[in-house]
Every structure is written in structure tokens, then in C-alpha cells.
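> I'm passing along model_5.cif; it holds mmCIF, C-alpha atoms and all ligand atoms.
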```
data_data
loop_
_atom_site.label_atom_id
_atom_site.label_comp_id
_atom_site.auth_asym_id
_atom_site.auth_seq_id
_atom_site.Cartn_x
_atom_site.Cartn_y
_atom_site.Cartn_z
CA MET A 1 -6.02 20.56 44.05
CA THR A 2 -3.70 22.20 46.56
CA GLY A 3 -2.29 25.69 46.59
CA CYS A 4 1.07 24.51 45.30
CA VAL A 5 -0.34 24.19 41.76
CA LYS A 6 1.03 27.11 39.73
CA THR A 7 -0.15 28.52 36.44
CA GLY A 8 2.73 26.91 34.58
CA TRP A 9 2.24 23.67 32.72
CA VAL A 10 3.96 21.09 30.57
CA LYS A 11 2.01 19.60 27.68
CA ILE A 12 3.76 16.86 25.80
CA VAL A 13 2.31 16.95 22.32
CA GLY A 14 2.51 14.90 19.13
CA LEU A 15 2.79 16.86 15.88
CA GLY A 16 1.82 13.90 13.67
CA PRO A 17 3.82 12.58 10.72
CA GLY A 18 4.35 15.90 8.91
CA ASP A 19 1.22 17.27 7.26
CA GLU A 20 -0.33 20.25 9.10
CA ALA A 21 -3.78 18.75 8.47
CA LEU A 22 -2.77 15.81 10.67
CA VAL A 23 -2.03 17.97 13.73
CA THR A 24 -4.99 17.62 16.10
CA PRO A 25 -6.94 20.77 17.04
CA GLU A 26 -6.09 20.31 20.75
CA VAL A 27 -2.36 20.19 19.97
CA ARG A 28 -2.66 23.30 17.82
CA ALA A 29 -4.44 25.10 20.67
CA VAL A 30 -1.68 24.15 23.12
CA VAL A 31 1.02 25.43 20.78
CA ASP A 32 -0.94 28.70 20.45
CA GLU A 33 -1.11 29.10 24.26
CA ALA A 34 2.49 28.12 25.01
CA THR A 35 5.19 30.57 26.09
CA ASP A 36 7.93 28.03 25.29
CA VAL A 37 8.37 25.15 22.88
CA VAL A 38 11.00 22.52 23.64
CA GLY A 39 12.14 19.69 21.39
CA TYR A 40 14.49 18.14 18.89
CA ILE A 41 15.58 20.66 16.21
CA PRO A 42 13.54 19.44 13.20
CA TYR A 43 10.35 19.19 15.26
CA VAL A 44 10.71 22.66 16.82
CA ARG A 45 11.25 24.05 13.29
CA ARG A 46 7.72 22.94 12.47
CA ILE A 47 6.38 25.57 14.90
CA ALA A 48 5.78 29.06 13.46
CA PRO A 49 7.58 31.76 15.46
CA ARG A 50 5.42 34.49 17.02
CA PRO A 51 5.91 37.25 19.59
CA GLY A 52 5.77 35.88 23.15
CA LEU A 53 6.90 32.40 22.14
CA THR A 54 10.45 31.18 22.78
CA LEU A 55 11.62 28.20 20.72
CA HIS A 56 14.21 25.97 22.45
CA GLU A 57 15.80 23.60 19.96
CA SER A 58 18.03 20.80 21.21
CA ASP A 59 20.00 18.01 19.64
CA ASN A 60 19.08 14.35 19.49
CA ARG A 61 19.98 12.10 22.45
CA VAL A 62 19.51 14.75 25.15
CA GLU A 63 15.90 13.85 25.86
CA VAL A 64 16.04 13.77 29.66
CA GLU A 65 17.98 17.06 29.91
CA ARG A 66 15.43 18.62 27.57
CA ALA A 67 12.65 17.25 29.77
CA ARG A 68 14.24 18.73 32.93
CA HIS A 69 14.51 22.08 31.23
CA ALA A 70 10.79 21.95 30.38
CA LEU A 71 9.88 21.04 33.99
CA GLU A 72 12.09 23.82 35.41
CA MET A 73 10.45 26.40 33.17
CA ALA A 74 6.95 25.17 34.09
CA SER A 75 7.76 25.40 37.79
CA GLU A 76 8.69 29.05 37.18
CA GLY A 77 5.18 29.57 35.81
CA ARG A 78 5.82 29.19 32.07
CA ARG A 79 3.54 27.31 29.70
CA VAL A 80 5.72 24.75 27.99
CA ALA A 81 4.88 22.58 24.99
CA VAL A 82 7.26 19.65 24.57
CA VAL A 83 6.99 18.57 20.94
CA SER A 84 7.58 15.19 19.35
CA SER A 85 6.79 14.01 15.85
CA GLY A 86 3.97 11.49 15.50
CA ASP A 87 2.71 10.49 18.93
CA PRO A 88 4.69 11.61 22.00
CA GLY A 89 4.25 8.21 23.67
CA VAL A 90 5.82 6.29 20.77
CA PHE A 91 9.65 6.27 21.05
CA ALA A 92 9.49 9.95 21.98
CA MET A 93 9.39 12.59 24.72
CA ALA A 94 6.54 11.51 27.02
CA SER A 95 8.56 8.79 28.77
CA ALA A 96 11.59 11.10 28.98
CA VAL A 97 9.52 13.72 30.82
CA PHE A 98 8.21 11.14 33.28
CA GLU A 99 11.72 9.79 33.88
CA ALA A 100 12.77 13.33 34.74
CA VAL A 101 9.74 13.77 37.03
CA GLU A 102 10.47 10.51 38.85
CA GLU A 103 14.11 11.42 39.46
CA GLY A 104 13.71 15.17 39.85
CA ALA A 105 12.58 17.79 42.36
CA PRO A 106 9.60 16.60 44.47
CA ASP A 107 7.48 19.63 43.53
CA TRP A 108 7.65 18.67 39.83
CA ARG A 109 5.10 15.95 40.68
CA ASN A 110 2.51 18.64 41.45
CA LEU A 111 2.87 20.38 38.11
CA ASP A 112 0.09 20.26 35.53
CA ILE A 113 1.63 17.74 33.09
CA ARG A 114 -0.41 16.26 30.24
CA VAL A 115 0.22 14.12 27.20
CA LEU A 116 -1.71 14.96 24.02
CA PRO A 117 -1.70 12.20 21.41
CA GLY A 118 -0.70 12.51 17.77
CA ILE A 119 -0.86 10.29 14.71
CA THR A 120 2.09 7.95 14.85
CA ALA A 121 4.15 7.17 11.71
CA MET A 122 3.19 3.49 11.68
CA LEU A 123 -0.53 4.23 11.54
CA ALA A 124 -0.19 7.11 9.08
CA ALA A 125 1.79 4.77 6.78
CA ALA A 126 -0.67 1.93 7.27
CA ALA A 127 -3.57 4.18 6.30
CA ARG A 128 -1.79 5.21 3.09
CA ALA A 129 -1.26 1.59 2.07
CA GLY A 130 -4.64 0.17 3.07
CA ALA A 131 -4.94 -1.72 6.35
CA PRO A 132 -1.76 -3.78 6.87
CA MET A 133 -2.12 -3.50 10.67
CA GLY A 134 -5.77 -4.54 10.50
CA HIS A 135 -5.23 -7.50 12.84
CA ASP A 136 -2.77 -7.92 15.79
CA PHE A 137 0.44 -5.92 15.45
CA CYS A 138 3.43 -4.63 17.38
CA ALA A 139 5.88 -1.75 17.06
CA ILE A 140 9.63 -2.18 17.48
CA ASN A 141 12.30 0.51 17.61
CA LEU A 142 15.29 -0.87 15.69
CA SER A 143 17.72 1.64 17.20
CA ASP A 144 20.09 0.18 19.76
CA ASN A 145 20.88 3.60 21.27
CA LEU A 146 18.71 2.87 24.31
CA LYS A 147 18.70 -0.94 24.51
CA PRO A 148 20.97 -3.87 23.65
CA TRP A 149 20.86 -5.21 20.08
CA ALA A 150 20.33 -8.76 21.45
CA LEU A 151 16.97 -7.66 22.87
CA ILE A 152 15.91 -6.23 19.51
CA GLU A 153 16.76 -9.53 17.82
CA LYS A 154 14.84 -11.51 20.43
CA ARG A 155 11.70 -9.38 20.16
CA LEU A 156 11.83 -9.40 16.37
CA ARG A 157 12.19 -13.18 16.17
CA LEU A 158 9.44 -13.88 18.71
CA ALA A 159 7.08 -11.35 17.11
CA ALA A 160 7.65 -13.01 13.72
CA GLN A 161 7.02 -16.44 15.26
CA ALA A 162 3.83 -15.13 16.87
CA ASP A 163 2.78 -13.91 13.39
CA PHE A 164 2.25 -10.26 14.36
CA ALA A 165 2.28 -7.59 11.70
CA MET A 166 5.14 -5.28 12.73
CA GLY A 167 6.09 -1.64 12.45
CA PHE A 168 9.81 -0.83 12.63
CA TYR A 169 10.79 2.69 13.72
CA ASN A 170 14.33 4.09 13.29
CA PRO A 171 15.18 1.22 10.92
CA ARG A 172 18.52 2.46 9.69
CA SER A 173 20.88 5.39 10.26
CA LYS A 174 24.36 6.37 9.14
CA SER A 175 25.70 5.48 12.58
CA ARG A 176 23.95 2.07 12.55
CA PRO A 177 24.17 0.87 8.92
CA GLU A 178 24.18 -2.89 9.68
CA GLY A 179 21.24 -3.38 12.03
CA PHE A 180 18.47 -3.34 9.47
CA GLY A 181 20.23 -5.93 7.27
CA ARG A 182 20.44 -8.19 10.31
CA ALA A 183 16.75 -7.61 11.00
CA LEU A 184 15.93 -8.67 7.42
CA ASP A 185 18.09 -11.82 7.88
CA ILE A 186 16.06 -12.75 10.97
CA LEU A 187 12.82 -12.24 9.07
CA ARG A 188 14.15 -14.47 6.26
CA GLU A 189 14.81 -17.20 8.85
CA GLU A 190 11.30 -16.93 10.32
CA CYS A 191 9.00 -15.96 7.44
CA GLU A 192 8.22 -17.11 3.88
CA PRO A 193 9.88 -15.18 0.99
CA GLU A 194 6.49 -13.87 -0.21
CA ARG A 195 5.88 -11.97 3.04
CA LEU A 196 4.84 -8.38 2.22
CA ILE A 197 6.94 -5.45 3.41
CA LEU A 198 6.07 -1.76 3.05
CA PHE A 199 8.77 0.88 3.06
CA ALA A 200 6.97 4.14 3.85
CA ARG A 201 9.20 7.21 3.67
CA ALA A 202 8.34 10.75 4.77
CA VAL A 203 4.64 9.90 4.97
CA SER A 204 2.32 12.90 4.56
CA THR A 205 5.12 15.22 3.36
CA PRO A 206 5.94 16.28 -0.22
CA GLU A 207 8.75 13.67 -0.24
CA GLU A 208 6.41 10.79 0.57
CA GLU A 209 7.33 7.50 -1.07
CA ILE A 210 5.63 4.18 -0.41
CA ARG A 211 6.99 0.96 -1.78
CA CYS A 212 5.51 -2.53 -1.32
CA VAL A 213 7.86 -5.50 -1.92
CA THR A 214 8.17 -9.11 -0.83
CA LEU A 215 10.67 -10.19 1.79
CA ALA A 216 12.67 -11.85 -1.02
CA GLU A 217 12.95 -8.49 -2.80
CA ALA A 218 13.67 -6.34 0.28
CA THR A 219 17.16 -4.83 0.65
CA PRO A 220 18.62 -2.76 3.52
CA GLU A 221 19.03 0.31 1.26
CA MET A 222 15.24 0.59 0.91
CA ALA A 223 15.09 2.11 4.43
CA ASP A 224 16.56 5.23 6.00
CA MET A 225 15.82 7.29 9.10
CA ARG A 226 12.76 8.88 7.49
CA THR A 227 11.25 5.46 6.76
CA VAL A 228 8.89 3.39 8.83
CA VAL A 229 8.93 -0.25 7.74
CA LEU A 230 5.73 -2.29 7.98
CA VAL A 231 6.00 -6.07 7.83
CA GLY A 232 2.79 -7.96 7.16
CA SER A 233 1.64 -11.08 8.98
CA SER A 234 1.39 -14.35 7.06
CA LEU A 235 -2.19 -13.33 6.11
CA THR A 236 -1.38 -9.83 4.79
CA ARG A 237 -2.20 -9.59 1.09
CA ARG A 238 -2.27 -7.22 -1.87
CA ILE A 239 -5.20 -6.19 -4.04
CA LEU A 240 -3.69 -5.23 -7.40
CA ARG A 241 -5.24 -2.30 -9.29
CA GLU A 242 -4.59 -0.87 -12.73
CA GLY A 243 -2.84 2.50 -12.76
CA GLN A 244 -2.93 2.77 -8.96
CA PRO A 245 -0.78 1.38 -6.17
CA PRO A 246 -1.95 -1.91 -4.69
CA ILE A 247 -4.09 -1.99 -1.56
CA VAL A 248 -2.28 -3.88 1.21
CA TYR A 249 -4.42 -5.26 4.00
CA THR A 250 -4.62 -7.87 6.72
CA PRO A 251 -7.98 -9.57 7.16
CA ARG A 252 -9.73 -9.12 10.49
CA SER A 253 -10.04 -12.84 11.20
CA VAL A 254 -7.53 -15.67 11.42
CA PRO A 255 -8.76 -19.13 10.39
CA ALA A 256 -8.19 -21.66 13.17
CA PRO A 257 -5.59 -23.85 11.37
CA SER A 258 -3.13 -20.93 10.98
CA VAL A 259 -2.86 -20.34 14.75
CA PRO A 260 0.83 -20.96 15.57
CA GLU A 261 1.63 -23.99 17.75
N1 LIG B 301 7.09 9.65 17.90
C1 LIG B 301 7.25 9.32 16.50
C2 LIG B 301 8.40 8.34 16.27
C3 LIG B 301 9.77 8.92 16.59
S1 LIG B 301 11.07 7.81 16.19
C4 LIG B 301 5.93 8.75 15.95
O1 LIG B 301 5.04 8.44 16.75
O2 LIG B 301 5.81 8.62 14.74
C5 LIG B 301 11.51 8.42 14.55
C6 LIG B 301 11.14 7.40 13.51
O3 LIG B 301 9.76 7.49 13.22
C7 LIG B 301 11.81 7.55 12.15
O4 LIG B 301 13.10 6.95 12.11
C8 LIG B 301 10.84 6.80 11.25
O5 LIG B 301 11.02 5.39 11.41
C9 LIG B 301 9.50 7.17 11.88
N2 LIG B 301 8.84 8.32 11.23
C10 LIG B 301 8.56 9.51 11.80
N3 LIG B 301 7.89 10.30 10.93
C11 LIG B 301 7.75 9.59 9.78
C12 LIG B 301 7.13 9.85 8.53
N4 LIG B 301 6.51 11.01 8.25
N5 LIG B 301 7.18 8.87 7.59
C13 LIG B 301 7.77 7.69 7.84
N6 LIG B 301 8.37 7.39 9.02
C14 LIG B 301 8.35 8.33 9.97
#
```
Taking this structure as input, can you express it in the form of C-alpha cells?

Amino acid sequence: MTGCVKTGWVKIVGLGPGDEALVTPEVRAVVDEATDVVGYIPYVRRIAPRPGLTLHESDNRVEVERARHALEMASEGRRVAVVSSGDPGVFAMASAVFEAVEEGAPDWRNLDIRVLPGITAMLAAAARAGAPMGHDFCAINLSDNLKPWALIEKRLRLAAQADFAMGFYNPRSKSRPEGFGRALDILREECEPERLILFARAVSTPEEEIRCVTLAEATPEMADMRTVVLVGSSLTRRILREGQPPIVYTPRSVPAPSVPE
């Protein structure tokens, strides 16, 4: 590389769904080497303070400003960890940093910037329940903060028609109480009432709660902002067990007659 590379860096890291055991060793090492940690308040609070480390907490919805701050500090030679929950590439900070790089100072492009993966909520929840995403699946962010609601509806409907299993992030918040009910209405138009839905809340934390219901039984109140909602495909099924939660899984193969027209 050229002489313009400085010792500063930006590492955009995923802290996983909550449990310390689910933070990867490489992410832990980066946090240990960092001089600065930047991120949304609840995620920065997961980092233990220590001498030589400055924690920069910021509010929701200021992702690109936060990213610029990280890049500015790195260009001054600081070692900056940008933290997200789960995986940083899934509805999180990695894209925000690259937006800031694309629009920002030309020398930001020469910085040492890396993305370190984490375990995303959808896959942590799926593993708890069995293997509901064991065949083709997609992930949809149900928040309309960063895209029009009409696009969410379109993607949801087409994904249901294509018979994907689906993971819904940000299903429901106090500022958007209606959206998830509308999403359930679309599913009821496209899928059979027996379709399995998992409401997985606070996965891998002491508040973890996992509930498996049919589409007919699902209600909007079953989700909140700490919930990831997994919707099975038409082939997703339950193995019932005595005294234990059911195993929910999607078989690896699709018989030819169930391929949608
Ligand atoms: N980058 C994160 C997602 C951020 S969007 C990731 O890869 O997981 C925030 C949404 O993620 C929440 O509204 C919720 O839908 C989901 N989520 C994050 N952590 C979760 C957890 N421990 N349990 C269930 N859902 C979680």
C-alpha cells in the first residue's frame, strides 16, 4: 500500500444477538485493541469500559453522522470499532459507513476499513427453534424509516408467493404500531392459516422468549422491537415433543409438484 495509509482504522463489528459467548474471538480482539467505540447507545453499553478506551454513544437514526465521526477519528490515527448488534451488514452500520465513505473526504477511501461478521438475530433465533430457515429464505426489515411502506408490502407479498421462509427485523415499534398488523394481513391473503410463525424475543439474553404459533393464531401484539419474526415456508413443520418445545424445521428438498407456477 501507499504511504498515505495511517495507523488508524475503522472496524465495523457485529456483537451478536446478546450472549457474550456468541461474540466472535476476532470481534473481541478488535474491541480490546480499539481506542474508541462508536454506536447506538444500547450496543455501546455492552462494551466494558477500560482506561484508554473512549465510548461514544449516539441515538438511533443518526447512522451516517456516526459513521463520519468514526472515519474522522480514524483519519486522525485512532483505532475505531463501530459496533452493531447481530451482524453489521444486516440492517446495521456497515452500509452507513460505506455511504459516508462514498460521499466523504477522498482520503477516507485509503483508510483501513474492515467489516467483521456477527451472528444475526434471524439465524440465532432459527437455531434456537430448530432449522426453520433450512431451505431458501429472505430477510425483510419491516421498518419504513428508510424506505416506503409500499415497497415493504410488495416484497412481502412476492416473497410469500415465491414460498420463501422469511425473517422480519424491526417488526413493530411504538412509533409504527400498525405496520406489523398489515404485514400479517398480507400473509393471510397469500398463505394458508396453518403456516408456522415463530416470535423470537431477546434471543440469547435472560429475557429470551420463543413462541411458535400458526398464522391463524398470530396477533400483532406478539411482536415488539426486541422480536425477530420467522415465517415458515409452506413446507415448514413442527416435531412435537413431550415436556419440551417443538422442533421447527424446513426440509432441505422441495418435491417437484410444490414448485410455484
Ligand atoms: N444487525 C442486527 C439487526 C439490527 S435491526 C442483526 O444482525 O441482528 C434490530 C432488530 O433486530 C430488532 O428490531 C429485532 O427484530 C432484531 N433483533 C436484534 N437482536 C435480537 C435478539 N437478541 N432477539 C430477537 N431479535 C433481535
> Have a look at A:Pro171, A:Gly134, A:Gly39, A:Gly77 and name the one nearest to ligand LIG 301 (chain B); count all atoms listed in the file.
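Under the stated criterion, the closest residue is A:Pro171.
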> Rank A:Gly181, A:Pro51, A:Pro117, A:Pro42 by their smallest atom-to-atom distance to A:Ile12, using only C-alpha atoms, and report the top residue only.
A:Pro117
> Show me a table, sorted first by chain and then by increasing residue number, of the residues of chain A having an atom at most 8 Å from ligand LIG 301 (chain B), each with its shortest atom pair and the distance in Å to one decimal, counting all atoms listed in the file and written as a Markdown table.

```
| residue | atom | partner | partner_atom | distance |
| --- | --- | --- | --- | --- |
| A:Gly14 | CA | B:LIG301 | N1 | 7.1 |
| A:Gly16 | CA | B:LIG301 | O2 | 6.7 |
| A:Pro17 | CA | B:LIG301 | N4 | 4.0 |
| A:Gly18 | CA | B:LIG301 | N4 | 5.4 |
| A:Ser84 | CA | B:LIG301 | N1 | 5.7 |
| A:Ser85 | CA | B:LIG301 | C1 | 4.8 |
| A:Gly86 | CA | B:LIG301 | C4 | 3.4 |
| A:Asp87 | CA | B:LIG301 | O1 | 3.8 |
| A:Pro88 | CA | B:LIG301 | N1 | 5.1 |
| A:Gly89 | CA | B:LIG301 | N1 | 6.6 |
| A:Val90 | CA | B:LIG301 | N1 | 4.6 |
| A:Phe91 | CA | B:LIG301 | C3 | 5.2 |
| A:Ala92 | CA | B:LIG301 | N1 | 4.7 |
| A:Met93 | CA | B:LIG301 | N1 | 7.8 |
| A:Gly118 | CA | B:LIG301 | O1 | 7.1 |
| A:Ile119 | CA | B:LIG301 | O1 | 6.5 |
| A:Thr120 | CA | B:LIG301 | O1 | 3.5 |
| A:Ala121 | CA | B:LIG301 | O2 | 3.7 |
| A:Met122 | CA | B:LIG301 | O2 | 6.5 |
| A:Ala124 | CA | B:LIG301 | N5 | 7.7 |
| A:Ala125 | CA | B:LIG301 | C13 | 6.7 |
| A:Asn141 | CA | B:LIG301 | S1 | 7.5 |
| A:Phe168 | CA | B:LIG301 | O5 | 6.5 |
| A:Tyr169 | CA | B:LIG301 | O5 | 3.6 |
| A:Asn170 | CA | B:LIG301 | O4 | 3.3 |
| A:Pro171 | CA | B:LIG301 | O5 | 5.9 |
| A:Arg172 | CA | B:LIG301 | O4 | 7.4 |
| A:Ala200 | CA | B:LIG301 | C13 | 5.4 |
| A:Arg201 | CA | B:LIG301 | C13 | 4.4 |
| A:Ala202 | CA | B:LIG301 | N5 | 3.6 |
| A:Val203 | CA | B:LIG301 | N5 | 3.8 |
| A:Ser204 | CA | B:LIG301 | N4 | 5.9 |
| A:Thr205 | CA | B:LIG301 | N4 | 6.6 |
| A:Glu208 | CA | B:LIG301 | N5 | 7.3 |
| A:Asp224 | CA | B:LIG301 | O4 | 7.2 |
| A:Met225 | CA | B:LIG301 | O4 | 4.1 |
| A:Arg226 | CA | B:LIG301 | C8 | 4.7 |
| A:Thr227 | CA | B:LIG301 | N6 | 4.1 |
| A:Val228 | CA | B:LIG301 | O5 | 3.9 |
| A:Val229 | CA | B:LIG301 | O5 | 7.0 |
```
> Would you save the residues from that selection as a PDB file, in the frame of the given file, using C-alpha atoms?

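Once written, selection22.pdb looks like this:
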```
ATOM      1  CA  GLY A  14       2.510  14.900  19.130  1.00  0.00           C
ATOM      2  CA  GLY A  16       1.820  13.900  13.670  1.00  0.00           C
ATOM      3  CA  PRO A  17       3.820  12.580  10.720  1.00  0.00           C
ATOM      4  CA  GLY A  18       4.350  15.900   8.910  1.00  0.00           C
ATOM      5  CA  SER A  84       7.580  15.190  19.350  1.00  0.00           C
ATOM      6  CA  SER A  85       6.790  14.010  15.850  1.00  0.00           C
ATOM      7  CA  GLY A  86       3.970  11.490  15.500  1.00  0.00           C
ATOM      8  CA  ASP A  87       2.710  10.490  18.930  1.00  0.00           C
ATOM      9  CA  PRO A  88       4.690  11.610  22.000  1.00  0.00           C
ATOM     10  CA  GLY A  89       4.250   8.210  23.670  1.00  0.00           C
ATOM     11  CA  VAL A  90       5.820   6.290  20.770  1.00  0.00           C
ATOM     12  CA  PHE A  91       9.650   6.270  21.050  1.00  0.00           C
ATOM     13  CA  ALA A  92       9.490   9.950  21.980  1.00  0.00           C
ATOM     14  CA  MET A  93       9.390  12.590  24.720  1.00  0.00           C
ATOM     15  CA  GLY A 118      -0.700  12.510  17.770  1.00  0.00           C
ATOM     16  CA  ILE A 119      -0.860  10.290  14.710  1.00  0.00           C
ATOM     17  CA  THR A 120       2.090   7.950  14.850  1.00  0.00           C
ATOM     18  CA  ALA A 121       4.150   7.170  11.710  1.00  0.00           C
ATOM     19  CA  MET A 122       3.190   3.490  11.680  1.00  0.00           C
ATOM     20  CA  ALA A 124      -0.190   7.110   9.080  1.00  0.00           C
ATOM     21  CA  ALA A 125       1.790   4.770   6.780  1.00  0.00           C
ATOM     22  CA  ASN A 141      12.300   0.510  17.610  1.00  0.00           C
ATOM     23  CA  PHE A 168       9.810  -0.830  12.630  1.00  0.00           C
ATOM     24  CA  TYR A 169      10.790   2.690  13.720  1.00  0.00           C
ATOM     25  CA  ASN A 170      14.330   4.090  13.290  1.00  0.00           C
ATOM     26  CA  PRO A 171      15.180   1.220  10.920  1.00  0.00           C
ATOM     27  CA  ARG A 172      18.520   2.460   9.690  1.00  0.00           C
ATOM     28  CA  ALA A 200       6.970   4.140   3.850  1.00  0.00           C
ATOM     29  CA  ARG A 201       9.200   7.210   3.670  1.00  0.00           C
ATOM     30  CA  ALA A 202       8.340  10.750   4.770  1.00  0.00           C
ATOM     31  CA  VAL A 203       4.640   9.900   4.970  1.00  0.00           C
ATOM     32  CA  SER A 204       2.320  12.900   4.560  1.00  0.00           C
ATOM     33  CA  THR A 205       5.120  15.220   3.360  1.00  0.00           C
ATOM     34  CA  GLU A 208       6.410  10.790   0.570  1.00  0.00           C
ATOM     35  CA  ASP A 224      16.560   5.230   6.000  1.00  0.00           C
ATOM     36  CA  MET A 225      15.820   7.290   9.100  1.00  0.00           C
ATOM     37  CA  ARG A 226      12.760   8.880   7.490  1.00  0.00           C
ATOM     38  CA  THR A 227      11.250   5.460   6.760  1.00  0.00           C
ATOM     39  CA  VAL A 228       8.890   3.390   8.830  1.00  0.00           C
ATOM     40  CA  VAL A 229       8.930  -0.250   7.740  1.00  0.00           C
TER      41      VAL A 229
END
```
> Can you list, as a list in words, every protein, DNA or RNA residue that comes within 9 Å of stretch 151-160 of chain A when you count all atoms listed in the file, leaving out same-chain residues fewer than 5 positions away?
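Close residues of stretch 151-160 of chain A: Phe137, Cys138, Ile140, Asn141, Leu142, Ser143, Asp144, Ala165, Met166, Arg182, Ala183, Ile186, Leu187, Glu189, Glu190, Cys191 and Ser233 of chain A.
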> Quick one: which stretch 52-114 of chain A residues come within 6 Å of stretch 21-37 of chain A, and what is the nearest atom pair for each with the distance in Å to one decimal, counting all atoms listed in the file, rows ordered by chain and ascending number, as a tab-separated table?

```
residue	atom	partner	partner_atom	distance
A:Leu53	CA	A:Thr35	CA	4.7
A:Thr54	CA	A:Asp36	CA	4.8
A:Leu55	CA	A:Val37	CA	5.0
A:His56	CA	A:Val37	CA	5.9
A:Arg79	CA	A:Ala34	CA	4.9
A:Val80	CA	A:Asp36	CA	4.8
A:Ala81	CA	A:Val37	CA	4.8
A:Val82	CA	A:Val37	CA	5.9
```
> Between atom CA of A:Leu215 and atom CA of A:Val231, measure the distance and give it in Å to one decimal.
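Straight-line distance from atom CA of A:Leu215 to atom CA of A:Val231 works out to 8.7 Å.
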> What gap, in Å, lies between atom CA of A:Phe199 and atom CA of A:Ala131?
14.3 Å
> Return the single residue from A:Glu207, A:Glu178, A:Asp163, A:Glu103 that is closest to A:Thr219, with distances computed using only C-alpha atoms.
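With only C-alpha atoms as the atom set, the closest residue is A:Glu178.
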> Hey, what's within 12 Å of A:Thr236 if we count only C-alpha atoms and toss same-chain stuff fewer than 5 positions away? As a compact mmCIF listing (two decimals) with C-alpha atoms, in the coordinates of the input, please?

```txt
# COMPACT_ATOMS: atom_id res chain seq x y z
CA ALA A 129 -1.26 1.59 2.07
CA GLY A 130 -4.64 0.17 3.07
CA ALA A 131 -4.94 -1.72 6.35
CA PRO A 132 -1.76 -3.78 6.87
CA MET A 133 -2.12 -3.50 10.67
CA GLY A 134 -5.77 -4.54 10.50
CA HIS A 135 -5.23 -7.50 12.84
CA ASP A 136 -2.77 -7.92 15.79
CA PHE A 137 0.44 -5.92 15.45
CA ASP A 163 2.78 -13.91 13.39
CA PHE A 164 2.25 -10.26 14.36
CA ALA A 165 2.28 -7.59 11.70
CA MET A 166 5.14 -5.28 12.73
CA GLU A 194 6.49 -13.87 -0.21
CA ARG A 195 5.88 -11.97 3.04
CA LEU A 196 4.84 -8.38 2.22
CA ILE A 197 6.94 -5.45 3.41
CA LEU A 198 6.07 -1.76 3.05
CA CYS A 212 5.51 -2.53 -1.32
CA THR A 214 8.17 -9.11 -0.83
CA LEU A 230 5.73 -2.29 7.98
CA VAL A 231 6.00 -6.07 7.83
CA ILE A 247 -4.09 -1.99 -1.56
CA VAL A 248 -2.28 -3.88 1.21
CA TYR A 249 -4.42 -5.26 4.00
CA THR A 250 -4.62 -7.87 6.72
CA PRO A 251 -7.98 -9.57 7.16
CA ARG A 252 -9.73 -9.12 10.49
CA SER A 253 -10.04 -12.84 11.20
CA VAL A 254 -7.53 -15.67 11.42
```
> Using all atoms listed in the file, find each residue in stretch 98-140 of chain A having at least one atom no more than 10 Å away from stretch 67-73 of chain A; report its shortest atom-to-atom pair and that distance in Å (one decimal), rows by chain then rising number, as a Markdown table.

```
| residue | atom | partner | partner_atom | distance |
| --- | --- | --- | --- | --- |
| A:Phe98 | CA | A:Ala67 | CA | 8.3 |
| A:Glu99 | CA | A:Ala67 | CA | 8.6 |
| A:Ala100 | CA | A:Arg68 | CA | 5.9 |
| A:Val101 | CA | A:Arg68 | CA | 7.9 |
| A:Glu103 | CA | A:Arg68 | CA | 9.8 |
| A:Gly104 | CA | A:Arg68 | CA | 7.8 |
| A:Ala105 | CA | A:Glu72 | CA | 9.2 |
| A:Asp107 | CA | A:Leu71 | CA | 9.9 |
| A:Trp108 | CA | A:Leu71 | CA | 6.7 |
| A:Arg109 | CA | A:Leu71 | CA | 9.7 |
| A:Leu111 | CA | A:Leu71 | CA | 8.2 |
| A:Asp112 | CA | A:Leu71 | CA | 9.9 |
| A:Ile113 | CA | A:Leu71 | CA | 8.9 |
```
> Considering all atoms listed in the file, can you say which of A:Ser58, A:Thr7, A:Ala216, A:Val13 comes closest to A:Arg45?
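That would be A:Ser58, the residue with the smallest distance to A:Arg45.
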> Could you work out an axis-aligned box for stretch 49-52 of chain A, taking every atom the file lists and adding 8 Å on each side, and report centre and edge lengths in Å to one decimal, as JSON?

```
{"center_x": 6.5, "center_y": 34.5, "center_z": 19.3, "size_x": 18.2, "size_y": 21.5, "size_z": 23.7}
```
> In Å, rounded to a single decimal, give me how far atom CA of A:Arg66 is from atom CA of A:Val44.
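Straight-line distance from atom CA of A:Val44 to atom CA of A:Arg66 works out to 12.4 Å.
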> Please write stretch 222-233 of chain A of the preceding block to a file containing N, CA and C atoms, as a compact mmCIF listing (two decimals), in the first residue's frame?

```txt
# COMPACT_ATOMS: atom_id res chain seq x y z
N MET A 222 -47.92 -9.92 19.52
CA MET A 222 -46.89 -10.93 19.82
C MET A 222 -45.48 -10.44 19.48
N ALA A 223 -45.37 -9.32 18.75
CA ALA A 223 -44.05 -8.81 18.36
C ALA A 223 -43.80 -7.43 18.98
N ASP A 224 -42.53 -7.17 19.28
CA ASP A 224 -42.11 -5.81 19.64
C ASP A 224 -40.73 -5.59 19.03
N MET A 225 -40.07 -4.50 19.41
CA MET A 225 -38.79 -4.18 18.76
C MET A 225 -37.66 -5.13 19.17
N ARG A 226 -37.88 -5.94 20.18
CA ARG A 226 -36.82 -6.91 20.54
C ARG A 226 -37.11 -8.28 19.95
N THR A 227 -38.10 -8.34 19.05
CA THR A 227 -38.51 -9.62 18.47
C THR A 227 -38.08 -9.71 17.02
N VAL A 228 -37.58 -10.88 16.63
CA VAL A 228 -37.43 -11.18 15.22
C VAL A 228 -38.50 -12.23 14.92
N VAL A 229 -39.21 -12.02 13.81
CA VAL A 229 -40.34 -12.90 13.47
C VAL A 229 -39.90 -13.79 12.31
N LEU A 230 -40.02 -15.10 12.50
CA LEU A 230 -39.67 -16.03 11.42
C LEU A 230 -40.95 -16.65 10.89
N VAL A 231 -41.14 -16.56 9.59
CA VAL A 231 -42.32 -17.14 8.95
C VAL A 231 -41.84 -18.33 8.15
N GLY A 232 -42.44 -19.49 8.37
CA GLY A 232 -42.01 -20.68 7.64
C GLY A 232 -42.46 -20.63 6.18
N SER A 233 -41.90 -21.52 5.37
CA SER A 233 -42.43 -21.74 4.02
C SER A 233 -43.61 -22.69 4.14
```
